[in-house]
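For reference, input-v5.cif (mmCIF, C-alpha atoms):
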```
data_run
#
loop_
_atom_site.label_atom_id
_atom_site.label_comp_id
_atom_site.auth_asym_id
_atom_site.auth_seq_id
_atom_site.Cartn_x
_atom_site.Cartn_y
_atom_site.Cartn_z
CA MET A 1 -30.71 -20.60 -97.75
CA PHE A 2 -31.32 -21.20 -101.49
CA ARG A 3 -35.04 -20.25 -101.37
CA ARG A 4 -34.62 -16.45 -101.06
CA PRO A 5 -32.34 -16.02 -104.16
CA LEU A 6 -34.62 -18.42 -106.07
CA PHE A 7 -37.68 -16.41 -105.01
CA TRP A 8 -36.22 -13.18 -106.28
CA CYS A 9 -35.11 -14.78 -109.54
CA LEU A 10 -38.62 -16.12 -110.15
CA LEU A 11 -40.14 -12.75 -109.26
CA VAL A 12 -37.86 -10.88 -111.69
CA ALA A 13 -38.68 -13.38 -114.46
CA LEU A 14 -42.42 -13.04 -113.81
CA VAL A 15 -42.27 -9.24 -113.88
CA ALA A 16 -40.21 -9.25 -117.09
CA THR A 17 -42.69 -11.59 -118.77
CA SER A 18 -45.64 -9.43 -117.69
CA VAL A 19 -44.00 -6.26 -118.98
CA ALA A 20 -43.21 -7.93 -122.31
CA MET A 21 -46.81 -9.11 -122.68
CA TRP A 22 -48.17 -5.68 -121.77
CA LEU A 23 -45.94 -3.99 -124.32
CA SER A 24 -46.97 -6.50 -126.98
CA VAL A 25 -50.68 -6.02 -126.30
CA GLY A 26 -50.22 -2.26 -126.13
CA ARG A 27 -48.59 -2.11 -129.52
CA GLN A 28 -51.36 -4.19 -131.02
CA ALA A 29 -53.96 -1.89 -129.49
CA PHE A 30 -52.41 1.37 -130.61
CA ASP A 31 -50.61 0.52 -133.86
CA PRO A 32 -52.86 1.09 -136.93
CA PRO A 33 -53.68 -2.08 -138.87
CA VAL A 34 -51.87 -2.64 -142.15
CA VAL A 35 -54.40 -2.28 -145.01
CA ASP A 36 -53.72 -2.63 -148.71
CA SER A 37 -54.80 0.62 -150.42
CA ASN A 38 -54.18 2.66 -153.52
CA PRO A 39 -52.26 5.80 -152.49
CA PHE A 40 -53.48 7.53 -155.68
CA GLU A 41 -57.16 6.72 -155.14
CA GLY A 42 -59.27 9.73 -156.10
CA ILE A 43 -56.34 11.32 -157.92
CA VAL A 44 -55.45 8.84 -160.65
CA PRO A 45 -58.48 7.38 -162.45
CA VAL A 46 -58.53 3.64 -163.04
CA PRO A 47 -58.07 2.87 -166.78
CA ARG A 48 -61.15 1.17 -168.23
CA ILE A 49 -60.03 -0.23 -171.56
CA ALA A 50 -62.58 -1.88 -173.85
CA PRO A 51 -61.80 -4.56 -176.44
CA THR A 52 -61.60 -3.35 -180.04
CA LEU A 53 -64.52 -4.69 -182.06
CA LEU A 54 -64.11 -5.42 -185.75
CA ALA A 55 -67.87 -5.44 -186.29
CA LEU A 56 -70.90 -3.97 -184.57
CA PRO A 57 -72.09 -6.03 -181.60
CA PRO A 58 -75.11 -8.24 -182.34
CA LEU A 59 -78.41 -6.76 -181.21
CA GLY A 60 -80.23 -10.04 -180.62
CA ASN A 61 -83.78 -10.84 -181.64
CA PRO A 62 -86.08 -7.83 -182.04
CA LYS A 63 -88.98 -7.51 -179.62
CA SER A 64 -91.53 -4.80 -179.00
CA PHE A 65 -91.25 -2.80 -175.80
CA VAL A 66 -94.21 -3.45 -173.50
CA PRO A 67 -94.80 -0.68 -170.93
CA THR A 68 -95.63 -1.47 -167.32
CA GLU A 69 -98.20 0.84 -165.76
CA ARG A 70 -98.11 3.04 -168.87
CA THR A 71 -94.44 3.92 -168.23
CA LEU A 72 -91.87 4.30 -171.01
CA LEU A 73 -88.26 3.47 -170.12
CA ILE A 74 -85.87 5.85 -171.89
CA GLU A 75 -82.09 5.87 -171.60
CA MET A 76 -79.80 8.88 -172.03
CA SER A 77 -76.34 10.12 -171.07
CA GLU A 78 -75.33 12.85 -168.64
CA TYR A 79 -75.69 15.64 -171.15
CA ALA A 80 -77.38 19.04 -171.18
CA GLY A 81 -78.76 18.45 -174.67
CA TYR A 82 -81.47 16.30 -173.10
CA ALA A 83 -82.60 19.04 -170.73
CA GLY A 84 -85.89 19.57 -172.60
CA LEU A 85 -86.96 15.98 -172.04
CA VAL A 86 -85.95 16.20 -168.37
CA VAL A 87 -87.94 19.41 -167.88
CA ALA A 88 -91.02 18.01 -169.65
CA ASN A 89 -90.81 14.99 -167.34
CA GLY A 90 -90.17 17.07 -164.22
CA GLY A 91 -86.96 15.12 -163.52
CA LEU A 92 -85.81 11.56 -164.08
CA ARG A 93 -88.51 9.64 -162.23
CA ALA A 94 -91.89 8.66 -163.65
CA SER A 95 -94.54 10.96 -162.22
CA ASP A 96 -98.24 11.70 -162.36
CA HIS A 97 -97.29 15.38 -162.46
CA SER A 98 -95.17 15.26 -165.62
CA LEU A 99 -96.23 16.98 -168.80
CA PHE A 100 -96.32 13.56 -170.50
CA PHE A 101 -98.81 12.06 -168.06
CA ARG A 102 -100.91 15.17 -167.62
CA ASP A 103 -101.39 15.87 -171.34
CA TYR A 104 -100.71 12.57 -173.12
CA GLY A 105 -101.60 9.84 -170.63
CA PHE A 106 -98.28 8.01 -170.18
CA LYS A 107 -95.29 8.26 -167.87
CA VAL A 108 -91.58 8.39 -168.64
CA GLU A 109 -88.78 6.92 -166.52
CA LEU A 110 -85.36 8.27 -167.49
CA SER A 111 -82.05 6.53 -166.73
CA LYS A 112 -78.46 7.61 -167.35
CA ASN A 113 -75.90 5.47 -169.17
CA GLU A 114 -72.77 6.63 -171.00
CA GLN A 115 -72.83 3.59 -173.30
CA GLU A 116 -75.10 3.08 -176.28
CA GLY A 117 -78.23 1.05 -175.48
CA TRP A 118 -79.10 -0.33 -178.91
CA GLU A 119 -79.16 -3.97 -177.79
CA ALA A 120 -81.63 -3.23 -175.00
CA LEU A 121 -83.65 -1.07 -177.40
CA ASN A 122 -83.84 -3.77 -180.07
CA GLN A 123 -84.78 -6.45 -177.56
CA GLY A 124 -87.61 -4.38 -176.09
CA ARG A 125 -86.06 -3.65 -172.70
CA LEU A 126 -86.18 0.07 -173.49
CA ALA A 127 -88.86 2.11 -175.20
CA ALA A 128 -86.35 4.61 -176.59
CA VAL A 129 -82.80 5.91 -176.33
CA LEU A 130 -81.34 9.36 -176.84
CA THR A 131 -78.52 9.00 -179.34
CA THR A 132 -76.95 10.78 -182.32
CA ALA A 133 -77.63 10.66 -186.04
CA ASP A 134 -74.17 9.28 -186.85
CA VAL A 135 -74.63 6.35 -184.46
CA ALA A 136 -78.05 5.64 -185.99
CA ALA A 137 -76.32 5.26 -189.37
CA LEU A 138 -74.16 2.49 -187.91
CA TYR A 139 -77.08 0.47 -186.56
CA ALA A 140 -79.54 1.32 -189.36
CA PRO A 141 -79.15 -1.92 -191.37
CA ASN A 142 -80.62 -3.85 -188.42
CA ARG A 143 -83.65 -1.51 -188.33
CA PRO A 144 -83.99 -1.72 -184.53
CA ALA A 145 -85.71 1.66 -184.22
CA ILE A 146 -87.45 4.58 -185.87
CA ILE A 147 -86.40 8.22 -185.61
CA PRO A 148 -89.26 10.71 -185.14
CA VAL A 149 -87.54 13.88 -183.90
CA LEU A 150 -84.36 15.95 -183.75
CA VAL A 151 -83.77 16.75 -180.07
CA GLY A 152 -80.96 19.23 -180.63
CA TYR A 153 -77.41 19.96 -181.74
CA SER A 154 -74.24 19.70 -179.72
CA ARG A 155 -72.65 23.15 -179.99
CA GLY A 156 -69.25 22.58 -178.42
CA ALA A 157 -70.27 19.84 -175.99
CA ASP A 158 -68.10 17.34 -177.89
CA ALA A 159 -64.38 17.93 -177.99
CA LEU A 160 -60.96 16.53 -178.79
CA VAL A 161 -58.59 16.96 -175.82
CA VAL A 162 -54.84 16.63 -176.42
CA ARG A 163 -51.54 17.00 -174.60
CA GLN A 164 -49.94 20.41 -174.41
CA GLY A 165 -47.60 20.89 -177.33
CA ILE A 166 -50.08 19.52 -179.88
CA THR A 167 -51.58 22.53 -181.63
CA ARG A 168 -52.92 21.17 -184.93
CA PHE A 169 -54.96 18.12 -185.88
CA GLY A 170 -52.24 17.06 -188.32
CA GLU A 171 -49.82 16.62 -185.40
CA LEU A 172 -51.86 13.60 -184.29
CA LYS A 173 -50.54 11.67 -187.27
CA GLY A 174 -48.86 8.54 -185.96
CA ARG A 175 -50.24 9.17 -182.43
CA ILE A 176 -52.94 7.41 -180.42
CA VAL A 177 -56.32 8.90 -179.44
CA ALA A 178 -58.60 7.22 -176.89
CA THR A 179 -62.34 7.34 -177.44
CA ALA A 180 -65.53 5.28 -177.19
CA GLN A 181 -66.07 2.95 -180.12
CA PHE A 182 -69.20 3.45 -182.24
CA SER A 183 -70.07 6.75 -180.57
CA GLU A 184 -70.34 10.38 -181.67
CA ALA A 185 -66.93 10.93 -180.04
CA GLU A 186 -65.30 8.50 -182.46
CA PHE A 187 -67.28 9.97 -185.34
CA LEU A 188 -66.09 13.50 -184.54
CA VAL A 189 -62.44 12.46 -185.02
CA ARG A 190 -63.25 10.31 -188.05
CA TYR A 191 -65.12 13.21 -189.65
CA ILE A 192 -62.25 15.66 -189.15
CA ALA A 193 -59.77 13.05 -190.40
CA THR A 194 -61.87 12.47 -193.53
CA GLU A 195 -62.10 16.21 -194.19
CA SER A 196 -58.33 16.62 -193.75
CA GLY A 197 -57.40 13.54 -195.75
CA MET A 198 -55.81 11.63 -192.86
CA PRO A 199 -56.27 7.85 -192.65
CA VAL A 200 -57.72 6.27 -189.51
CA ASN A 201 -56.28 3.12 -187.97
CA VAL A 202 -57.90 1.05 -185.20
CA LEU A 203 -55.47 -0.64 -182.81
CA PRO A 204 -56.32 -4.02 -181.25
CA ASN A 205 -54.97 -2.88 -177.87
CA LEU A 206 -52.94 -0.18 -176.15
CA GLY A 207 -49.70 -2.12 -176.60
CA ALA A 208 -49.99 -2.37 -180.38
CA VAL A 209 -47.64 -0.38 -182.61
CA PRO A 210 -49.43 2.67 -184.09
CA ASN A 211 -49.51 3.32 -187.82
CA PRO A 212 -47.09 6.23 -188.39
CA ASN A 213 -49.16 7.55 -191.31
CA ALA A 214 -52.58 7.56 -189.62
CA ILE A 215 -54.40 8.71 -186.52
CA ASN A 216 -54.72 5.63 -184.31
CA PHE A 217 -57.65 4.69 -182.05
CA VAL A 218 -57.81 2.73 -178.81
CA PHE A 219 -61.12 2.36 -177.01
CA ALA A 220 -62.41 2.73 -173.47
CA VAL A 221 -65.72 1.53 -172.10
CA ASP A 222 -67.27 4.95 -172.77
CA GLY A 223 -66.32 8.54 -173.51
CA PHE A 224 -65.73 9.34 -169.85
CA GLY A 225 -63.39 6.35 -169.56
CA ALA A 226 -61.47 7.50 -172.64
CA CYS A 227 -60.58 10.84 -171.07
CA ASP A 228 -59.82 9.14 -167.77
CA LEU A 229 -57.25 7.09 -169.69
CA LEU A 230 -55.55 10.25 -170.94
CA LEU A 231 -55.58 11.75 -167.44
CA TYR A 232 -54.12 8.53 -166.01
CA GLU A 233 -51.21 8.67 -168.45
CA LEU A 234 -50.54 12.33 -167.74
CA ILE A 235 -50.45 11.83 -163.97
CA MET A 236 -48.34 8.67 -164.23
CA ASN A 237 -45.94 10.38 -166.67
CA ARG A 238 -46.67 8.01 -169.55
CA ASP A 239 -46.85 9.12 -173.14
CA SER A 240 -48.63 6.51 -175.27
CA ILE A 241 -51.96 8.39 -175.42
CA ALA A 242 -51.87 11.74 -177.23
CA GLY A 243 -55.50 12.72 -176.71
CA CYS A 244 -59.09 11.71 -176.04
CA SER A 245 -62.37 12.42 -177.77
CA ALA A 246 -65.48 12.63 -175.59
CA TRP A 247 -68.19 15.01 -174.42
CA GLU A 248 -68.95 17.46 -171.66
CA PRO A 249 -68.73 17.65 -168.74
CA LYS A 250 -65.85 15.14 -168.86
CA THR A 251 -63.68 16.95 -171.41
CA SER A 252 -63.49 20.16 -169.37
CA GLU A 253 -62.96 18.17 -166.18
CA VAL A 254 -59.90 16.42 -167.62
CA VAL A 255 -58.39 19.71 -168.77
CA GLU A 256 -58.91 21.20 -165.30
CA ARG A 257 -57.49 18.18 -163.48
CA SER A 258 -54.48 17.90 -165.79
CA GLY A 259 -52.88 20.99 -164.25
CA GLY A 260 -52.05 22.49 -167.63
CA ALA A 261 -50.81 19.24 -169.20
CA ALA A 262 -53.81 19.01 -171.57
CA HIS A 263 -56.01 21.38 -173.54
CA ILE A 264 -58.98 21.26 -175.90
CA LEU A 265 -57.71 21.17 -179.48
CA THR A 266 -61.10 21.55 -181.16
CA THR A 267 -64.81 21.24 -180.45
CA ASN A 268 -67.81 20.80 -182.70
CA ARG A 269 -69.11 24.30 -181.90
CA ASN A 270 -69.07 25.32 -185.55
CA LEU A 271 -69.52 21.83 -186.95
CA LEU A 272 -73.20 20.89 -187.08
CA ILE A 273 -72.40 17.19 -187.29
CA ILE A 274 -73.36 15.98 -183.81
CA ALA A 275 -77.15 15.97 -183.81
CA ASP A 276 -79.07 14.35 -180.97
CA ILE A 277 -82.11 12.33 -181.94
CA LEU A 278 -84.67 10.08 -180.30
CA ALA A 279 -84.58 6.43 -181.42
CA VAL A 280 -87.77 4.52 -180.52
CA ASN A 281 -88.19 0.74 -180.39
CA ALA A 282 -89.56 -0.11 -183.83
CA GLY A 283 -92.28 -2.52 -182.69
CA PHE A 284 -93.56 -0.23 -179.95
CA ALA A 285 -93.64 2.74 -182.33
CA ALA A 286 -95.69 0.84 -184.90
CA GLU A 287 -98.18 -0.33 -182.29
CA ASN A 288 -98.51 2.97 -180.39
CA PRO A 289 -98.50 5.91 -182.84
CA GLU A 290 -100.45 8.22 -180.51
CA THR A 291 -97.90 7.69 -177.74
CA ILE A 292 -95.10 8.61 -180.16
CA ASP A 293 -97.06 11.74 -181.10
CA GLY A 294 -97.20 12.77 -177.44
CA LEU A 295 -93.56 11.90 -176.83
CA VAL A 296 -92.35 14.02 -179.76
CA GLU A 297 -94.59 16.98 -178.97
CA GLY A 298 -93.67 16.78 -175.28
CA ILE A 299 -89.95 16.89 -176.07
CA LEU A 300 -90.39 19.98 -178.27
CA ARG A 301 -92.48 21.63 -175.55
CA GLY A 302 -89.77 20.87 -173.00
CA ASN A 303 -87.15 22.29 -175.38
CA ASP A 304 -89.21 25.44 -175.70
CA LEU A 305 -89.42 25.82 -171.91
CA VAL A 306 -85.62 25.59 -171.60
CA ARG A 307 -85.01 27.90 -174.58
CA SER A 308 -87.42 30.59 -173.41
CA ARG A 309 -87.15 30.28 -169.62
CA SER A 310 -83.91 28.47 -168.88
CA GLU A 311 -83.30 30.15 -165.52
CA SER A 312 -86.60 28.93 -164.10
CA GLN A 313 -85.81 25.37 -165.21
CA LEU A 314 -82.26 25.20 -163.87
CA ILE A 315 -83.17 23.54 -160.58
CA VAL A 316 -84.89 20.61 -162.36
CA ILE A 317 -81.97 20.17 -164.77
CA ALA A 318 -79.32 20.48 -162.07
CA ASP A 319 -81.06 18.01 -159.76
CA ALA A 320 -81.52 15.45 -162.53
CA PHE A 321 -77.84 15.42 -163.47
CA GLY A 322 -76.44 16.02 -160.00
CA TRP A 323 -74.87 19.34 -161.01
CA PRO A 324 -74.58 22.64 -159.17
CA ARG A 325 -76.87 25.20 -160.72
CA GLU A 326 -73.98 27.21 -162.21
CA LYS A 327 -72.66 24.08 -163.90
CA ALA A 328 -76.09 23.40 -165.41
CA ARG A 329 -76.15 26.95 -166.73
CA ARG A 330 -72.66 26.52 -168.23
CA GLU A 331 -73.47 23.14 -169.81
CA LEU A 332 -76.57 24.56 -171.52
CA ARG A 333 -74.35 27.01 -173.39
CA ASN A 334 -72.79 24.07 -175.27
CA VAL A 335 -76.04 22.77 -176.76
CA HIS A 336 -78.85 24.00 -178.98
CA LEU A 337 -82.29 22.49 -178.29
CA ALA A 338 -84.29 22.11 -181.48
CA ASN A 339 -87.75 23.48 -182.25
CA LEU A 340 -90.26 22.44 -184.92
CA PRO A 341 -88.93 24.48 -187.90
CA GLU A 342 -85.39 23.31 -187.12
CA ASN A 343 -86.71 19.75 -187.21
CA ILE A 344 -88.20 20.41 -190.63
CA ASP A 345 -84.90 21.81 -191.91
CA PHE A 346 -82.99 18.90 -190.41
CA PHE A 347 -85.04 16.18 -192.08
CA ALA A 348 -85.94 17.98 -195.33
CA ALA A 349 -82.52 19.26 -196.44
CA ASP A 350 -80.37 17.02 -198.62
CA GLU A 351 -76.84 15.74 -198.08
CA ASP A 352 -75.32 18.93 -199.50
CA HIS A 353 -76.56 20.84 -196.44
CA ILE A 354 -74.11 20.43 -193.56
CA GLY A 355 -76.00 19.68 -190.37
CA SER A 356 -78.95 17.93 -192.02
CA PHE A 357 -79.87 14.34 -191.22
CA ALA A 358 -78.96 13.38 -194.78
CA HIS A 359 -75.50 14.97 -194.52
CA ILE A 360 -74.66 13.38 -191.16
CA TYR A 361 -75.97 9.99 -192.27
CA GLU A 362 -73.90 10.01 -195.45
CA ALA A 363 -70.84 11.40 -193.64
CA ALA A 364 -71.01 8.60 -191.08
CA THR A 365 -71.37 5.99 -193.82
CA THR A 366 -68.25 7.38 -195.49
CA ALA A 367 -66.26 7.81 -192.27
CA TYR A 368 -66.81 4.25 -191.06
CA GLY A 369 -66.61 2.71 -194.52
CA PRO A 370 -67.75 -0.67 -195.86
CA ALA A 371 -65.80 -2.60 -193.24
CA LEU A 372 -68.38 -1.57 -190.63
CA ILE A 373 -71.37 -0.49 -192.72
CA LYS A 374 -71.47 -3.24 -195.32
CA ALA A 375 -74.94 -2.56 -196.70
CA PRO A 376 -76.08 1.00 -195.93
CA LEU A 377 -79.82 1.34 -195.47
CA ASP A 378 -81.78 4.04 -197.27
CA ARG A 379 -81.93 6.68 -194.55
CA ARG A 380 -85.62 7.33 -195.18
CA MET A 381 -86.37 3.83 -193.95
CA LEU A 382 -85.51 4.97 -190.42
CA LEU A 383 -87.80 7.97 -190.32
CA ASP A 384 -91.29 8.30 -188.89
CA LEU A 385 -92.07 11.97 -189.49
CA ARG A 386 -95.82 11.65 -189.04
CA PRO A 387 -95.73 13.26 -185.55
CA LEU A 388 -93.92 16.32 -186.94
CA GLN A 389 -96.29 16.55 -189.91
CA LYS A 390 -99.26 16.28 -187.56
CA MET A 391 -97.99 19.30 -185.60
CA VAL A 392 -97.40 21.29 -188.79
CA ASP A 393 -100.91 20.46 -190.03
CA GLY A 394 -102.37 21.42 -186.65
CA GLY A 395 -100.63 24.80 -186.66
CA LYS A 396 -98.66 24.11 -183.50
CA PHE A 397 -95.50 26.09 -182.69
CA ARG A 398 -96.45 28.51 -185.48
CA ASN A 399 -94.56 31.34 -183.78
CA HIS A 400 -91.27 29.41 -183.78
CA VAL A 401 -88.49 30.25 -186.24
CA ALA A 402 -85.29 28.40 -187.06
CA SER A 403 -82.20 30.01 -185.56
CA ILE A 404 -79.91 27.21 -186.77
CA GLU A 405 -80.18 25.91 -190.31
CA PRO A 406 -78.19 23.40 -192.34
CA LEU A 407 -75.39 25.09 -194.32
CA ARG A 408 -73.89 24.56 -197.75
CA SER A 409 -70.30 25.18 -196.63
CA LEU A 410 -68.23 25.04 -193.47
CA LYS A 411 -67.62 28.30 -191.65
CA ARG A 412 -64.43 29.49 -190.02
CA GLU A 413 -64.21 29.01 -186.25
CA SER A 414 -64.73 32.73 -185.69
CA GLU A 415 -68.06 32.75 -187.49
CA SER A 416 -71.27 31.91 -185.70
CA PHE A 417 -74.10 29.75 -186.96
CA GLU A 418 -76.71 31.45 -184.83
CA GLY A 419 -79.37 33.44 -186.64
CA MET A 420 -78.20 32.68 -190.17
CA PRO A 421 -79.03 32.94 -192.95
CA ALA A 422 -82.60 34.22 -192.53
CA PRO A 423 -85.01 32.51 -190.14
CA ARG A 424 -88.12 31.10 -191.76
CA PRO A 425 -91.62 30.54 -190.41
CA VAL A 426 -92.53 26.89 -190.10
CA THR A 427 -95.01 27.09 -192.98
CA GLU A 428 -92.39 27.76 -195.71
CA PRO A 429 -90.72 26.58 -197.83
CA TYR A 430 -89.59 23.08 -196.83
CA LYS A 431 -91.91 20.11 -196.71
CA LEU A 432 -91.10 16.99 -194.77
CA PRO A 433 -89.76 14.15 -196.91
CA VAL A 434 -91.96 11.13 -197.41
CA PRO A 435 -90.35 8.06 -195.82
CA THR A 436 -90.07 4.92 -197.92
CA ARG A 437 -91.15 2.71 -195.03
CA PRO A 438 -94.90 2.21 -194.49
CA LEU A 439 -96.25 4.27 -191.64
CA PRO A 440 -98.99 3.05 -189.27
CA ALA A 441 -102.31 4.76 -189.71
CA ALA A 442 -103.27 7.15 -186.91
CA ARG A 443 -105.82 5.69 -184.55
#
```
Translate the structure of the given file into structure tokens.
Amino acid sequence: MFRRPLFWCLLVALVATSVAMWLSVGRQAFDPPVVDSNPFEGIVPVPRIAPTLLALPPLGNPKSFVPTERTLLIEMSEYAGYAGLVVANGGLRASDHSLFFRDYGFKVELSKNEQEGWEALNQGRLAAVLTTADVAALYAPNRPAIIPVLVGYSRGADALVVRQGITRFGELKGRIVATAQFSEAEFLVRYIATESGMPVNVLPNLGAVPNPNAINFVFAVDGFGACDLLLYELIMNRDSIAGCSAWEPKTSEVVERSGGAAHILTTNRNLLIIADILAVNAGFAAENPETIDGLVEGILRGNDLVRSRSESQLIVIADAFGWPREKARRELRNVHLANLPENIDFFAADEDHIGSFAHIYEAATTAYGPALIKAPLDRRMLLDLRPLQKMVDGGKFRNHVASIEPLRSLKRESESFEGMPAPRPVTEPYKLPVPTRPLPAAR
């Protein structure tokens, strides 16, 4: 008489347990797993702060670059000013079909890096780097490299981006600007500060108290990271960073992504102070003068192809940098690729000519001061102008004329440098300066 009620009680308990288990398993099967994630990923860039250095980083022991399979390793940044080298090489990869291999017997492998590669250059891990004349002034006392050619000028590709509401450089007094230490981006701000009489102060970190009477620097790992830091603060509604100094295409990207919260305060369009040069491992250059001859001539030939037939070269440039073709076309408008007579003007003019190697070298020495450049090197000790002289003597590029020349005074923003004052044939009147360093005899 007790079995039937007990049976039903056990049955109800069993069914209830089964239902509970089924519901538990069902929830586990259909509920999404809990995963830690950043809800702002892809919207808010991750800040990449770099430590503030009080001296230039050591370059290590100098060694000569030794090519493998006749291939030169050259490092550059993502920048349209190096388009001539890319075109001459037929892209980034070393190839039997490049102009360098076909006409000069060596290959070139190009790699992109937004940080300066002077340590790798000095230690022989790179044959050459694309850099700027102001940065060369910083590293000159170590004599890690020689400079044989002007690659081109930045004509608006470098810029100072600031928050909306800041309309004049003087309004950055007491504020913080993010940039990349020991780069042309830092030099651009230092140069403008020197010209306007404003002191520069380097902060040890982002939390330090800025000097109210100076423009204050904090540093990111590179120029792209500096503008990412500004964008991060704008999106997160923070206000410690007033601006960033970097180069295209990052500067325009930050302005676009800021949604109107940032704008470009000034560029170097009418300041011929950012000049791109090739720096070659000193030991390799001394041991391989004919290779340097071919490298210099090949770069100028590539520059000529881009200058004269840019549309036909766009696909190579766009593919190398991972840009849409229209972006490559737009980026090329911010640079001026140098030819042979412009090289002669660049190296032959003295420090009174704005835009010359001498002017930029001396301006960088002044802007950084004795704290960083304790014993400035005679700038002629860096130069190996034999490849340029060889082309002049051989009558090469005789039809080229200089459309940009060093100037004796700054021009207003509305005035253009192009085509002034009067273009000169390569044969007159400048002669290349004689370097003080001994040059290897041609073999």
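With CA of Ser183 in chain A on one side and CA of Ala208 in chain A on the other, the separation reads 22.1 Å.
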I would like the residues chosen by the PyMOL selection byres ((chain A and resi 277-290) around 6) on the shown file; could you give them as an mmCIF file with C-alpha atoms, keeping the file's coordinate frame?
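Output (out_17.cif):
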```cif
data_model
loop_
_atom_site.group_PDB
_atom_site.id
_atom_site.type_symbol
_atom_site.label_atom_id
_atom_site.label_comp_id
_atom_site.auth_asym_id
_atom_site.auth_seq_id
_atom_site.Cartn_x
_atom_site.Cartn_y
_atom_site.Cartn_z
ATOM 1 C CA SER A 64 -91.530 -4.800 -179.000
ATOM 2 C CA PHE A 65 -91.250 -2.800 -175.800
ATOM 3 C CA LEU A 121 -83.650 -1.070 -177.400
ATOM 4 C CA ALA A 127 -88.860 2.110 -175.200
ATOM 5 C CA ALA A 128 -86.350 4.610 -176.590
ATOM 6 C CA VAL A 129 -82.800 5.910 -176.330
ATOM 7 C CA LEU A 130 -81.340 9.360 -176.840
ATOM 8 C CA THR A 131 -78.520 9.000 -179.340
ATOM 9 C CA THR A 132 -76.950 10.780 -182.320
ATOM 10 C CA PRO A 144 -83.990 -1.720 -184.530
ATOM 11 C CA ALA A 145 -85.710 1.660 -184.220
ATOM 12 C CA ILE A 146 -87.450 4.580 -185.870
ATOM 13 C CA ILE A 147 -86.400 8.220 -185.610
ATOM 14 C CA VAL A 149 -87.540 13.880 -183.900
ATOM 15 C CA LEU A 150 -84.360 15.950 -183.750
ATOM 16 C CA VAL A 151 -83.770 16.750 -180.070
ATOM 17 C CA ASP A 276 -79.070 14.350 -180.970
ATOM 18 C CA THR A 291 -97.900 7.690 -177.740
ATOM 19 C CA ILE A 292 -95.100 8.610 -180.160
ATOM 20 C CA ASP A 293 -97.060 11.740 -181.100
ATOM 21 C CA PRO A 440 -98.990 3.050 -189.270
#
```
What does the PyMOL selection byres ((chain A and resi 155) around 9) select in this file, as a list of chain:residue names?
-> A:Tyr153, A:Ser154, A:Gly156, A:Ala157, A:Asp158, A:Thr267, A:Asn268, A:Arg269, A:Asn270, A:Leu271, A:Leu272, A:Ile274, A:Arg333, A:Asn334, A:Val335, A:His336
Which residue out of A:Gly259, A:Pro212, A:Gly60, A:Pro406 has the minimum interatomic distance to Ala358 in chain A when all atoms listed in the file are used?
->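 Of A:Gly259, A:Pro212, A:Gly60, A:Pro406, the one nearest Ala358 in chain A, counting all atoms listed in the file, is A:Pro406.
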To verify the selection step, state as a PyMOL selection string which residues the PyMOL selection byres ((chain A and resi 294) around 10) yields on this input.
-> chain A and resi 99-101+103-106+289-293+295-300+387
